[in-house]
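Undergrad: So that you have it, the file is start-v2.cif, and it contains mmCIF, C-alpha atoms and all ligand atoms:
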```cif
data_work
#
loop_
_atom_site.group_PDB
_atom_site.id
_atom_site.type_symbol
_atom_site.label_atom_id
_atom_site.label_comp_id
_atom_site.auth_asym_id
_atom_site.auth_seq_id
_atom_site.Cartn_x
_atom_site.Cartn_y
_atom_site.Cartn_z
ATOM 1 C CA MET A 1 0.000 0.000 0.000
ATOM 2 C CA SER A 2 1.435 3.370 -0.994
ATOM 3 C CA PHE A 3 2.096 6.261 1.412
ATOM 4 C CA CYS A 4 -1.046 8.211 2.414
ATOM 5 C CA ASN A 5 -3.403 5.888 0.584
ATOM 6 C CA LEU A 6 -7.061 6.689 1.317
ATOM 7 C CA THR A 7 -8.788 3.832 -0.492
ATOM 8 C CA GLY A 8 -12.048 2.898 1.219
ATOM 9 C CA LYS A 9 -12.471 6.282 2.907
ATOM 10 C CA VAL A 10 -15.235 8.802 2.223
ATOM 11 C CA ALA A 11 -14.233 12.466 2.307
ATOM 12 C CA LEU A 12 -16.394 15.592 2.368
ATOM 13 C CA VAL A 13 -14.736 18.841 1.288
ATOM 14 C CA THR A 14 -16.744 22.041 1.804
ATOM 15 C CA GLY A 15 -16.132 24.803 -0.728
ATOM 16 C CA GLY A 16 -14.778 22.076 -2.982
ATOM 17 C CA SER A 17 -15.634 23.505 -6.384
ATOM 18 C CA ARG A 18 -12.725 25.902 -6.736
ATOM 19 C CA GLY A 19 -9.460 27.167 -5.268
ATOM 20 C CA ILE A 20 -7.929 25.341 -2.332
ATOM 21 C CA GLY A 21 -11.024 23.158 -1.819
ATOM 22 C CA LYS A 22 -10.884 21.891 -5.390
ATOM 23 C CA ALA A 23 -7.177 21.039 -5.062
ATOM 24 C CA ILE A 24 -7.908 19.185 -1.808
ATOM 25 C CA ALA A 25 -10.787 17.258 -3.373
ATOM 26 C CA LYS A 26 -8.544 16.289 -6.307
ATOM 27 C CA GLU A 27 -5.698 15.202 -4.042
ATOM 28 C CA LEU A 28 -7.957 13.061 -1.822
ATOM 29 C CA ARG A 29 -9.509 11.476 -4.931
ATOM 30 C CA ASN A 30 -6.019 10.732 -6.304
ATOM 31 C CA ALA A 31 -5.233 9.094 -2.964
ATOM 32 C CA GLY A 32 -8.160 6.713 -3.539
ATOM 33 C CA ALA A 33 -10.900 8.289 -1.404
ATOM 34 C CA GLU A 34 -14.513 8.631 -2.472
ATOM 35 C CA VAL A 35 -15.023 12.388 -2.500
ATOM 36 C CA ILE A 36 -18.068 14.588 -1.956
ATOM 37 C CA ILE A 37 -17.715 18.298 -2.631
ATOM 38 C CA SER A 38 -20.135 20.966 -1.454
ATOM 39 C CA GLY A 39 -20.616 24.630 -2.252
ATOM 40 C CA THR A 40 -23.184 27.140 -3.435
ATOM 41 C CA ASN A 41 -22.483 27.408 -7.162
ATOM 42 C CA VAL A 42 -24.231 24.429 -8.767
ATOM 43 C CA ASP A 43 -22.623 24.872 -12.204
ATOM 44 C CA ALA A 44 -19.126 25.014 -10.716
ATOM 45 C CA LEU A 45 -19.888 22.027 -8.461
ATOM 46 C CA LYS A 46 -21.145 19.977 -11.436
ATOM 47 C CA GLU A 47 -18.076 20.834 -13.504
ATOM 48 C CA THR A 48 -15.542 20.092 -10.771
ATOM 49 C CA ALA A 49 -17.338 16.908 -9.691
ATOM 50 C CA ALA A 50 -17.257 15.610 -13.273
ATOM 51 C CA GLU A 51 -13.607 16.622 -13.701
ATOM 52 C CA ILE A 52 -12.348 14.775 -10.634
ATOM 53 C CA GLY A 53 -14.910 11.985 -10.311
ATOM 54 C CA ALA A 54 -16.625 13.233 -7.159
ATOM 55 C CA ARG A 55 -20.208 13.540 -5.895
ATOM 56 C CA TYR A 56 -21.564 16.983 -5.143
ATOM 57 C CA ILE A 57 -24.129 18.424 -2.753
ATOM 58 C CA ALA A 58 -25.168 22.071 -3.088
ATOM 59 C CA ALA A 59 -25.589 23.792 0.278
ATOM 60 C CA ASP A 60 -25.266 27.350 1.524
ATOM 61 C CA LEU A 61 -23.348 27.101 4.786
ATOM 62 C CA SER A 62 -24.591 30.475 6.003
ATOM 63 C CA ASP A 63 -27.950 28.748 6.578
ATOM 64 C CA SER A 64 -27.904 26.252 9.465
ATOM 65 C CA ALA A 65 -30.803 24.219 8.002
ATOM 66 C CA GLN A 66 -28.713 23.685 4.844
ATOM 67 C CA VAL A 67 -25.725 22.640 6.947
ATOM 68 C CA ASP A 68 -27.912 19.987 8.587
ATOM 69 C CA ARG A 69 -29.209 18.825 5.200
ATOM 70 C CA LEU A 70 -25.655 18.595 3.870
ATOM 71 C CA ALA A 71 -24.665 16.366 6.795
ATOM 72 C CA GLN A 72 -27.688 14.164 6.278
ATOM 73 C CA GLU A 73 -27.170 13.777 2.524
ATOM 74 C CA ALA A 74 -23.444 13.135 2.906
ATOM 75 C CA GLY A 75 -24.088 10.216 5.290
ATOM 76 C CA ALA A 76 -21.193 8.504 7.083
ATOM 77 C CA VAL A 77 -18.043 10.460 6.277
ATOM 78 C CA ASP A 78 -14.541 9.394 7.366
ATOM 79 C CA ILE A 79 -12.700 12.594 6.460
ATOM 80 C CA LEU A 80 -14.248 16.038 6.881
ATOM 81 C CA VAL A 81 -12.397 19.015 5.456
ATOM 82 C CA ASN A 82 -13.931 22.290 6.662
ATOM 83 C CA ASN A 83 -12.522 24.428 3.867
ATOM 84 C CA ALA A 84 -15.305 26.836 2.817
ATOM 85 C CA GLY A 85 -14.506 30.353 3.909
ATOM 86 C CA ILE A 86 -15.269 33.976 3.130
ATOM 87 C CA THR A 87 -13.763 37.377 3.824
ATOM 88 C CA ARG A 88 -15.539 40.708 4.328
ATOM 89 C CA ASP A 89 -12.580 42.950 4.930
ATOM 90 C CA GLY A 90 -12.569 46.447 6.354
ATOM 91 C CA LEU A 91 -11.185 48.381 9.276
ATOM 92 C CA PHE A 92 -12.743 47.265 12.571
ATOM 93 C CA ILE A 93 -13.944 50.736 13.476
ATOM 94 C CA ARG A 94 -16.201 50.778 10.392
ATOM 95 C CA GLN A 95 -17.189 47.131 10.417
ATOM 96 C CA SER A 96 -20.943 46.415 10.245
ATOM 97 C CA ASP A 97 -22.702 43.749 12.299
ATOM 98 C CA ASP A 98 -23.475 41.971 9.032
ATOM 99 C CA ALA A 99 -19.818 41.826 7.971
ATOM 100 C CA TRP A 100 -18.937 40.372 11.381
ATOM 101 C CA ASN A 101 -21.808 37.862 11.532
ATOM 102 C CA ASP A 102 -21.569 36.653 7.906
ATOM 103 C CA VAL A 103 -17.903 35.727 8.291
ATOM 104 C CA LEU A 104 -18.344 34.048 11.679
ATOM 105 C CA ARG A 105 -21.391 32.138 10.425
ATOM 106 C CA VAL A 106 -19.641 30.546 7.425
ATOM 107 C CA ASN A 107 -16.065 30.210 8.704
ATOM 108 C CA LEU A 108 -16.841 29.092 12.257
ATOM 109 C CA ASP A 109 -20.483 28.207 13.002
ATOM 110 C CA ALA A 110 -20.998 26.065 9.888
ATOM 111 C CA ALA A 111 -17.764 24.138 10.435
ATOM 112 C CA VAL A 112 -18.670 23.470 14.071
ATOM 113 C CA ARG A 113 -22.229 22.424 13.228
ATOM 114 C CA LEU A 114 -21.112 20.119 10.416
ATOM 115 C CA THR A 115 -18.457 18.566 12.639
ATOM 116 C CA ARG A 116 -21.005 17.915 15.386
ATOM 117 C CA ALA A 117 -23.326 16.196 12.896
ATOM 118 C CA LEU A 118 -20.631 13.989 11.334
ATOM 119 C CA LEU A 119 -18.623 13.096 14.442
ATOM 120 C CA PRO A 120 -20.854 10.289 15.831
ATOM 121 C CA ALA A 121 -20.289 8.096 12.728
ATOM 122 C CA MET A 122 -16.492 8.572 12.966
ATOM 123 C CA SER A 123 -16.547 7.849 16.678
ATOM 124 C CA LYS A 124 -18.565 4.658 16.102
ATOM 125 C CA LYS A 125 -16.002 3.440 13.553
ATOM 126 C CA ASN A 126 -13.091 4.373 15.831
ATOM 127 C CA TRP A 127 -11.554 6.227 12.876
ATOM 128 C CA GLY A 128 -11.985 9.749 11.646
ATOM 129 C CA ARG A 129 -10.201 12.824 10.411
ATOM 130 C CA ILE A 130 -11.359 16.413 10.805
ATOM 131 C CA ILE A 131 -9.203 18.964 9.046
ATOM 132 C CA ASN A 132 -10.015 22.635 9.424
ATOM 133 C CA ILE A 133 -8.548 25.155 7.006
ATOM 134 C CA SER A 134 -7.538 28.086 9.176
ATOM 135 C CA SER A 135 -5.125 30.838 8.112
ATOM 136 C CA ILE A 136 -1.739 32.368 8.715
ATOM 137 C CA VAL A 137 -3.478 35.574 9.832
ATOM 138 C CA ALA A 138 -4.913 33.801 12.888
ATOM 139 C CA HIS A 139 -1.284 33.534 14.047
ATOM 140 C CA MET A 140 0.246 36.802 12.871
ATOM 141 C CA GLY A 141 -2.681 39.214 12.535
ATOM 142 C CA ASN A 142 -3.465 41.451 9.556
ATOM 143 C CA VAL A 143 -4.983 44.866 8.990
ATOM 144 C CA GLY A 144 -8.667 44.986 7.982
ATOM 145 C CA GLN A 145 -9.500 41.390 8.854
ATOM 146 C CA THR A 146 -10.598 41.303 12.522
ATOM 147 C CA ASN A 147 -13.753 39.333 11.675
ATOM 148 C CA TYR A 148 -11.877 36.796 9.516
ATOM 149 C CA ILE A 149 -8.978 36.499 11.974
ATOM 150 C CA THR A 150 -11.400 35.932 14.855
ATOM 151 C CA SER A 151 -13.133 33.145 12.917
ATOM 152 C CA LYS A 152 -9.832 31.431 12.078
ATOM 153 C CA ALA A 153 -8.392 31.794 15.589
ATOM 154 C CA ALA A 154 -11.639 30.398 17.001
ATOM 155 C CA ILE A 155 -11.535 27.368 14.708
ATOM 156 C CA THR A 156 -7.953 26.785 15.871
ATOM 157 C CA GLY A 157 -9.123 26.760 19.505
ATOM 158 C CA PHE A 158 -12.064 24.528 18.609
ATOM 159 C CA THR A 159 -9.626 22.144 16.934
ATOM 160 C CA LYS A 160 -7.552 21.804 20.109
ATOM 161 C CA GLY A 161 -10.525 21.349 22.424
ATOM 162 C CA LEU A 162 -12.183 18.708 20.267
ATOM 163 C CA ALA A 163 -8.868 16.947 19.624
ATOM 164 C CA LYS A 164 -8.517 16.351 23.384
ATOM 165 C CA GLU A 165 -12.064 15.040 23.674
ATOM 166 C CA ILE A 166 -12.046 12.633 20.772
ATOM 167 C CA ALA A 167 -8.484 11.291 20.421
ATOM 168 C CA ARG A 168 -9.260 8.071 22.294
ATOM 169 C CA LYS A 169 -11.877 7.266 19.641
ATOM 170 C CA GLY A 170 -9.307 7.271 16.858
ATOM 171 C CA VAL A 171 -10.472 10.616 15.518
ATOM 172 C CA THR A 172 -7.859 13.317 14.926
ATOM 173 C CA VAL A 173 -8.658 17.013 14.583
ATOM 174 C CA ASN A 174 -6.103 19.329 13.005
ATOM 175 C CA CYS A 175 -5.748 22.636 11.189
ATOM 176 C CA VAL A 176 -3.910 23.479 8.021
ATOM 177 C CA ALA A 177 -3.031 27.186 8.028
ATOM 178 C CA PRO A 178 -2.269 28.462 4.530
ATOM 179 C CA GLY A 179 -0.245 31.592 3.983
ATOM 180 C CA PHE A 180 -0.942 33.576 0.821
ATOM 181 C CA ILE A 181 -2.134 31.199 -1.899
ATOM 182 C CA HIS A 182 -3.082 31.926 -5.537
ATOM 183 C CA THR A 183 -6.920 31.624 -5.597
ATOM 184 C CA ASP A 184 -9.978 33.812 -6.258
ATOM 185 C CA MET A 185 -9.722 34.971 -2.633
ATOM 186 C CA THR A 186 -6.343 36.634 -3.208
ATOM 187 C CA SER A 187 -6.782 37.563 -6.895
ATOM 188 C CA SER A 188 -8.353 40.946 -6.101
ATOM 189 C CA LEU A 189 -5.519 42.132 -3.830
ATOM 190 C CA PRO A 190 -3.965 45.341 -5.199
ATOM 191 C CA GLU A 191 -0.606 44.767 -6.942
ATOM 192 C CA LYS A 192 1.179 47.019 -4.426
ATOM 193 C CA MET A 193 -0.075 44.901 -1.533
ATOM 194 C CA VAL A 194 0.891 41.679 -3.308
ATOM 195 C CA GLU A 195 4.454 42.958 -3.708
ATOM 196 C CA LYS A 196 4.581 43.939 -0.018
ATOM 197 C CA PHE A 197 3.377 40.503 1.074
ATOM 198 C CA LYS A 198 5.857 38.757 -1.257
ATOM 199 C CA GLU A 199 8.734 40.624 0.373
ATOM 200 C CA ALA A 200 7.639 39.165 3.729
ATOM 201 C CA ILE A 201 7.485 35.593 2.380
ATOM 202 C CA ALA A 202 10.817 33.766 2.666
ATOM 203 C CA ALA A 203 10.062 31.864 -0.565
ATOM 204 C CA GLN A 204 9.285 35.287 -2.162
ATOM 205 C CA THR A 205 6.169 33.988 -3.895
ATOM 206 C CA PHE A 206 2.541 33.070 -3.144
ATOM 207 C CA GLY A 207 1.812 29.358 -2.763
ATOM 208 C CA GLU A 208 -0.422 27.160 -4.915
ATOM 209 C CA PRO A 209 -3.594 25.335 -3.796
ATOM 210 C CA GLU A 210 -1.749 22.030 -4.366
ATOM 211 C CA HIS A 211 0.728 22.918 -1.594
ATOM 212 C CA VAL A 212 -2.158 23.066 0.870
ATOM 213 C CA ALA A 213 -3.816 19.948 -0.549
ATOM 214 C CA ALA A 214 -0.712 17.813 0.018
ATOM 215 C CA SER A 215 -0.764 18.642 3.745
ATOM 216 C CA VAL A 216 -4.444 17.780 3.973
ATOM 217 C CA ARG A 217 -3.812 14.414 2.309
ATOM 218 C CA PHE A 218 -1.107 13.638 4.864
ATOM 219 C CA LEU A 219 -3.243 14.629 7.864
ATOM 220 C CA ALA A 220 -6.106 12.538 6.450
ATOM 221 C CA SER A 221 -3.970 9.417 6.232
ATOM 222 C CA ASP A 222 -3.223 6.553 8.618
ATOM 223 C CA GLU A 223 0.382 7.774 8.674
ATOM 224 C CA ALA A 224 -0.752 10.906 10.574
ATOM 225 C CA ALA A 225 -2.666 8.925 13.232
ATOM 226 C CA TYR A 226 -0.583 10.324 16.111
ATOM 227 C CA ILE A 227 -0.925 13.987 15.091
ATOM 228 C CA THR A 228 -3.877 15.784 16.657
ATOM 229 C CA GLY A 229 -4.713 19.292 17.841
ATOM 230 C CA ALA A 230 -1.918 20.547 15.606
ATOM 231 C CA THR A 231 -1.659 23.279 13.018
ATOM 232 C CA MET A 232 0.354 22.587 9.898
ATOM 233 C CA HIS A 233 1.617 25.879 8.469
ATOM 234 C CA VAL A 234 1.888 26.093 4.678
ATOM 235 C CA ASN A 235 3.199 29.590 4.085
ATOM 236 C CA GLY A 236 6.577 29.605 2.322
ATOM 237 C CA GLY A 237 8.274 30.761 5.515
ATOM 238 C CA MET A 238 6.210 33.909 6.037
ATOM 239 C CA TYR A 239 5.407 32.899 9.614
ATOM 240 C CA MET A 240 7.393 30.409 11.684
HETATM 241 P P1 LIG B 301 -12.168 30.785 -2.660
HETATM 242 O O1 LIG B 301 -12.911 32.058 -2.452
HETATM 243 O O2 LIG B 301 -11.518 30.519 -3.956
HETATM 244 O O3 LIG B 301 -13.123 29.551 -2.327
HETATM 245 C C1 LIG B 301 -13.948 29.541 -1.198
HETATM 246 C C2 LIG B 301 -14.919 28.381 -1.314
HETATM 247 O O4 LIG B 301 -15.854 28.478 -0.227
HETATM 248 C C3 LIG B 301 -15.708 28.394 -2.601
HETATM 249 O O5 LIG B 301 -15.798 27.092 -3.115
HETATM 250 C C4 LIG B 301 -17.072 28.887 -2.159
HETATM 251 O O6 LIG B 301 -18.125 28.355 -2.937
HETATM 252 C C5 LIG B 301 -17.158 28.342 -0.746
HETATM 253 N N1 LIG B 301 -18.116 29.125 0.025
HETATM 254 C C6 LIG B 301 -18.079 30.441 0.297
HETATM 255 N N2 LIG B 301 -19.193 30.789 0.968
HETATM 256 C C7 LIG B 301 -19.936 29.674 1.110
HETATM 257 C C8 LIG B 301 -21.208 29.398 1.688
HETATM 258 N N3 LIG B 301 -21.958 30.356 2.256
HETATM 259 N N4 LIG B 301 -21.670 28.133 1.637
HETATM 260 C C9 LIG B 301 -20.945 27.167 1.057
HETATM 261 N N5 LIG B 301 -19.743 27.352 0.491
HETATM 262 C C10 LIG B 301 -19.267 28.603 0.513
HETATM 263 O O7 LIG B 301 -11.150 30.716 -1.460
HETATM 264 P P2 LIG B 301 -9.830 29.837 -1.214
HETATM 265 O O8 LIG B 301 -8.699 30.760 -1.295
HETATM 266 O O9 LIG B 301 -9.841 28.591 -2.008
HETATM 267 O O10 LIG B 301 -10.071 29.528 0.345
HETATM 268 C C11 LIG B 301 -10.339 28.237 0.860
HETATM 269 C C12 LIG B 301 -10.090 28.264 2.361
HETATM 270 O O11 LIG B 301 -8.719 28.606 2.614
HETATM 271 C C13 LIG B 301 -10.912 29.325 3.100
HETATM 272 O O12 LIG B 301 -11.327 28.828 4.351
HETATM 273 C C14 LIG B 301 -9.921 30.445 3.294
HETATM 274 O O13 LIG B 301 -10.254 31.251 4.408
HETATM 275 C C15 LIG B 301 -8.648 29.679 3.510
HETATM 276 N N6 LIG B 301 -7.417 30.446 3.254
HETATM 277 C C16 LIG B 301 -7.126 30.922 2.006
HETATM 278 C C17 LIG B 301 -5.933 31.631 1.801
HETATM 279 C C18 LIG B 301 -5.535 32.161 0.453
HETATM 280 O O14 LIG B 301 -4.488 32.831 0.381
HETATM 281 N N7 LIG B 301 -6.243 31.894 -0.610
HETATM 282 C C19 LIG B 301 -5.082 31.852 2.881
HETATM 283 C C20 LIG B 301 -5.405 31.361 4.139
HETATM 284 C C21 LIG B 301 -6.581 30.650 4.295
#
```
Write the structure described by the file as structure tokens, please.
Ligand code: NAD

TA:
Amino acid sequence: MSFCNLTGKVALVTGGSRGIGKAIAKELRNAGAEVIISGTNVDALKETAAEIGARYIAADLSDSAQVDRLAQEAGAVDILVNNAGITRDGLFIRQSDDAWNDVLRVNLDAAVRLTRALLPAMSKKNWGRIINISSIVAHMGNVGQTNYITSKAAITGFTKGLAKEIARKGVTVNCVAPGFIHTDMTSSLPEKMVEKFKEAIAAQTFGEPEHVAASVRFLASDEAAYITGATMHVNGGMYM
């Protein structure tokens, strides 16, 4: 059996139609897992699902009833990757309640709710993997992102708490914290800002979604069975 083989496992990747989520879904599929992707854009979901040989379930994670439906339709999942995430950037002093609540609802509440719904099946099997995609900014801060940073720092704390509770059931809970990665999320950053960030990255360049996906594949595998409550940083040396 090859390293990090996931044959026989079922994986659910939220926000799996594009960007980092798509790369993760592809990587887990290449490792042999059955993959389910979820997201809001049905056309993109259909296209990505067909491209990589995955199932898809459309669900808007800002709506708790749709989170519950997603869990129900997905069924027994072995590997849950809480990847879907949004930003609504702006200086804290001018931040609206909506900008705060929208980000917390998708990045934190939905991931927690989905985890709670899918955990019993993992616990019953004495095997499970929960991988939360956090962010470098939860560790080093950033201007204009208090809502986003709070959501990612909270998911990091959630990861540690749950990891302690569930380790004896063979379920690991970890974070992967990407640095700056080439996706739609970073494509609208002004060129000046991109150059400034690149100067702060030891590798001098943004990362690719595949760099993040490789870490997720490892944490999802049997080989990573003794790693839990951890954060794997994938940031080209921007934060150590
Ligand atoms: P992206 O914007 O390209 O993709 C985000 C995904 O989340 C999309 O598939 C989208 O459909 C899904 N999504 C958004 N709102 C949703 C909702 N309400 N319901 C269901 N799905 C929803 O972003 P990305 O760069 O691929 O980011 C993926 C994850 O990585 C996010 O959690 C993000 O915070 C994190 N991250 C990204 C970077 C980066 O530099 N790109 C850095 C650190 C962390």

Undergrad: Within 7 Å of ligand LIG 301 (chain B) (counting all atoms listed in the file), which residues show up? I'd like them as a VMD selection string.

TA: chain A and resid 14 to 21 38 to 41 59 to 62 83 to 86 106 to 107 133 to 136 177 to 186

Undergrad: Those same residues - C-alpha atoms - I'd like them written as a tab-separated table (two decimals), keeping the file's coordinate frame.

TA:
```
chain	number	residue	atom	x	y	z
A	14	THR	CA	-16.74	22.04	1.80
A	15	GLY	CA	-16.13	24.80	-0.73
A	16	GLY	CA	-14.78	22.08	-2.98
A	17	SER	CA	-15.63	23.50	-6.38
A	18	ARG	CA	-12.72	25.90	-6.74
A	19	GLY	CA	-9.46	27.17	-5.27
A	20	ILE	CA	-7.93	25.34	-2.33
A	21	GLY	CA	-11.02	23.16	-1.82
A	38	SER	CA	-20.14	20.97	-1.45
A	39	GLY	CA	-20.62	24.63	-2.25
A	40	THR	CA	-23.18	27.14	-3.44
A	41	ASN	CA	-22.48	27.41	-7.16
A	59	ALA	CA	-25.59	23.79	0.28
A	60	ASP	CA	-25.27	27.35	1.52
A	61	LEU	CA	-23.35	27.10	4.79
A	62	SER	CA	-24.59	30.48	6.00
A	83	ASN	CA	-12.52	24.43	3.87
A	84	ALA	CA	-15.30	26.84	2.82
A	85	GLY	CA	-14.51	30.35	3.91
A	86	ILE	CA	-15.27	33.98	3.13
A	106	VAL	CA	-19.64	30.55	7.42
A	107	ASN	CA	-16.07	30.21	8.70
A	133	ILE	CA	-8.55	25.16	7.01
A	134	SER	CA	-7.54	28.09	9.18
A	135	SER	CA	-5.12	30.84	8.11
A	136	ILE	CA	-1.74	32.37	8.72
A	177	ALA	CA	-3.03	27.19	8.03
A	178	PRO	CA	-2.27	28.46	4.53
A	179	GLY	CA	-0.24	31.59	3.98
A	180	PHE	CA	-0.94	33.58	0.82
A	181	ILE	CA	-2.13	31.20	-1.90
A	182	HIS	CA	-3.08	31.93	-5.54
A	183	THR	CA	-6.92	31.62	-5.60
A	184	ASP	CA	-9.98	33.81	-6.26
A	185	MET	CA	-9.72	34.97	-2.63
A	186	THR	CA	-6.34	36.63	-3.21
```

Undergrad: Could you tell me which residues the PyMOL selection byres (((chain A and resi 209) around 6) and not hetatm) returns for this structure, as an MDAnalysis selection string?

TA: chainID A and resid 20 23 208 210:212

Undergrad: List the spatial neighbours of Ile57 (chain A) as a ChimeraX atom specification - criterion: any atom at most 8 Å away, only C-alpha atoms, same-chain residues fewer than 5 positions off excluded.

TA: /A:36-39,45,70,73-74

Undergrad: Emit the selected residues as a compact mmCIF listing (two decimals), keeping the file's coordinate frame, including C-alpha atoms.

TA:
```txt
# COMPACT_ATOMS: atom_id res chain seq x y z
CA ILE A 36 -18.07 14.59 -1.96
CA ILE A 37 -17.72 18.30 -2.63
CA SER A 38 -20.14 20.97 -1.45
CA GLY A 39 -20.62 24.63 -2.25
CA LEU A 45 -19.89 22.03 -8.46
CA LEU A 70 -25.66 18.60 3.87
CA GLU A 73 -27.17 13.78 2.52
CA ALA A 74 -23.44 13.14 2.91
```

Undergrad: Quick one: everything within 6 Å of Cys175 (chain A), counting all atoms listed in the file, minus sequence neighbours fewer than 4 positions away in the same chain. Send it as a list in words.

TA: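 Returned residues: Ile131, Asn132, Ile133 and Thr231 of chain A.
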
Undergrad: Would you pick out the contacts of Asp109 (chain A) at 10 Å or less, using all atoms listed in the file, so that residues sharing its chain but fewer than 6 positions from it are not included, and give the list as a list in words?

TA: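 Here the qualifying residues turn out to be Leu61, Ser62, Asp63, Ser64, Val67, Asn101, Asp102, Val103, Thr115, Ser151, Ala154 and Ile155 of chain A.
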
Undergrad: Determine the residue set returned by the PyMOL selection byres (((chain A and resi 31) around 10) and not hetatm) for the present structure, and present it as a ChimeraX atom specification.

TA: /A:2-7,9,25-30,32-34,217-218,221

Undergrad: Could you give me region 33-39 of chain A completed to all heavy atoms, formatted as a compact mmCIF listing (two decimals), keeping the file's coordinate frame?

TA:
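Output below, filename result01.txt:
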```txt
# COMPACT_ATOMS: atom_id res chain seq x y z
N ALA A 33 -9.66 8.07 -2.17
CA ALA A 33 -10.90 8.29 -1.40
C ALA A 33 -12.08 8.54 -2.34
O ALA A 33 -11.91 9.01 -3.46
CB ALA A 33 -10.73 9.49 -0.47
N GLU A 34 -13.28 8.20 -1.83
CA GLU A 34 -14.51 8.63 -2.47
C GLU A 34 -14.71 10.05 -2.00
O GLU A 34 -14.63 10.29 -0.78
CB GLU A 34 -15.68 7.83 -1.93
CG GLU A 34 -16.29 6.82 -2.84
CD GLU A 34 -17.40 6.09 -2.11
OE1 GLU A 34 -18.45 6.70 -1.82
OE2 GLU A 34 -17.17 4.91 -1.80
N VAL A 35 -14.98 10.98 -2.91
CA VAL A 35 -15.02 12.39 -2.50
C VAL A 35 -16.39 13.01 -2.78
O VAL A 35 -16.99 12.79 -3.83
CB VAL A 35 -13.91 13.19 -3.21
CG1 VAL A 35 -14.02 14.68 -2.91
CG2 VAL A 35 -12.53 12.67 -2.80
N ILE A 36 -16.86 13.78 -1.79
CA ILE A 36 -18.07 14.59 -1.96
C ILE A 36 -17.63 16.04 -1.81
O ILE A 36 -16.93 16.38 -0.84
CB ILE A 36 -19.12 14.29 -0.85
CG1 ILE A 36 -19.42 12.78 -0.77
CG2 ILE A 36 -20.40 15.09 -1.09
CD1 ILE A 36 -20.16 12.38 0.50
N ILE A 37 -18.01 16.87 -2.77
CA ILE A 37 -17.72 18.30 -2.63
C ILE A 37 -19.03 19.05 -2.39
O ILE A 37 -20.08 18.63 -2.88
CB ILE A 37 -16.98 18.89 -3.86
CG1 ILE A 37 -17.77 18.65 -5.16
CG2 ILE A 37 -15.57 18.31 -3.96
CD1 ILE A 37 -17.17 19.35 -6.38
N SER A 38 -18.94 20.14 -1.63
CA SER A 38 -20.14 20.97 -1.45
C SER A 38 -19.78 22.42 -1.69
O SER A 38 -18.60 22.81 -1.63
CB SER A 38 -20.73 20.77 -0.06
OG SER A 38 -20.11 21.62 0.85
N GLY A 39 -20.80 23.21 -1.97
CA GLY A 39 -20.62 24.63 -2.25
C GLY A 39 -21.95 25.23 -2.64
O GLY A 39 -22.98 24.54 -2.55
```
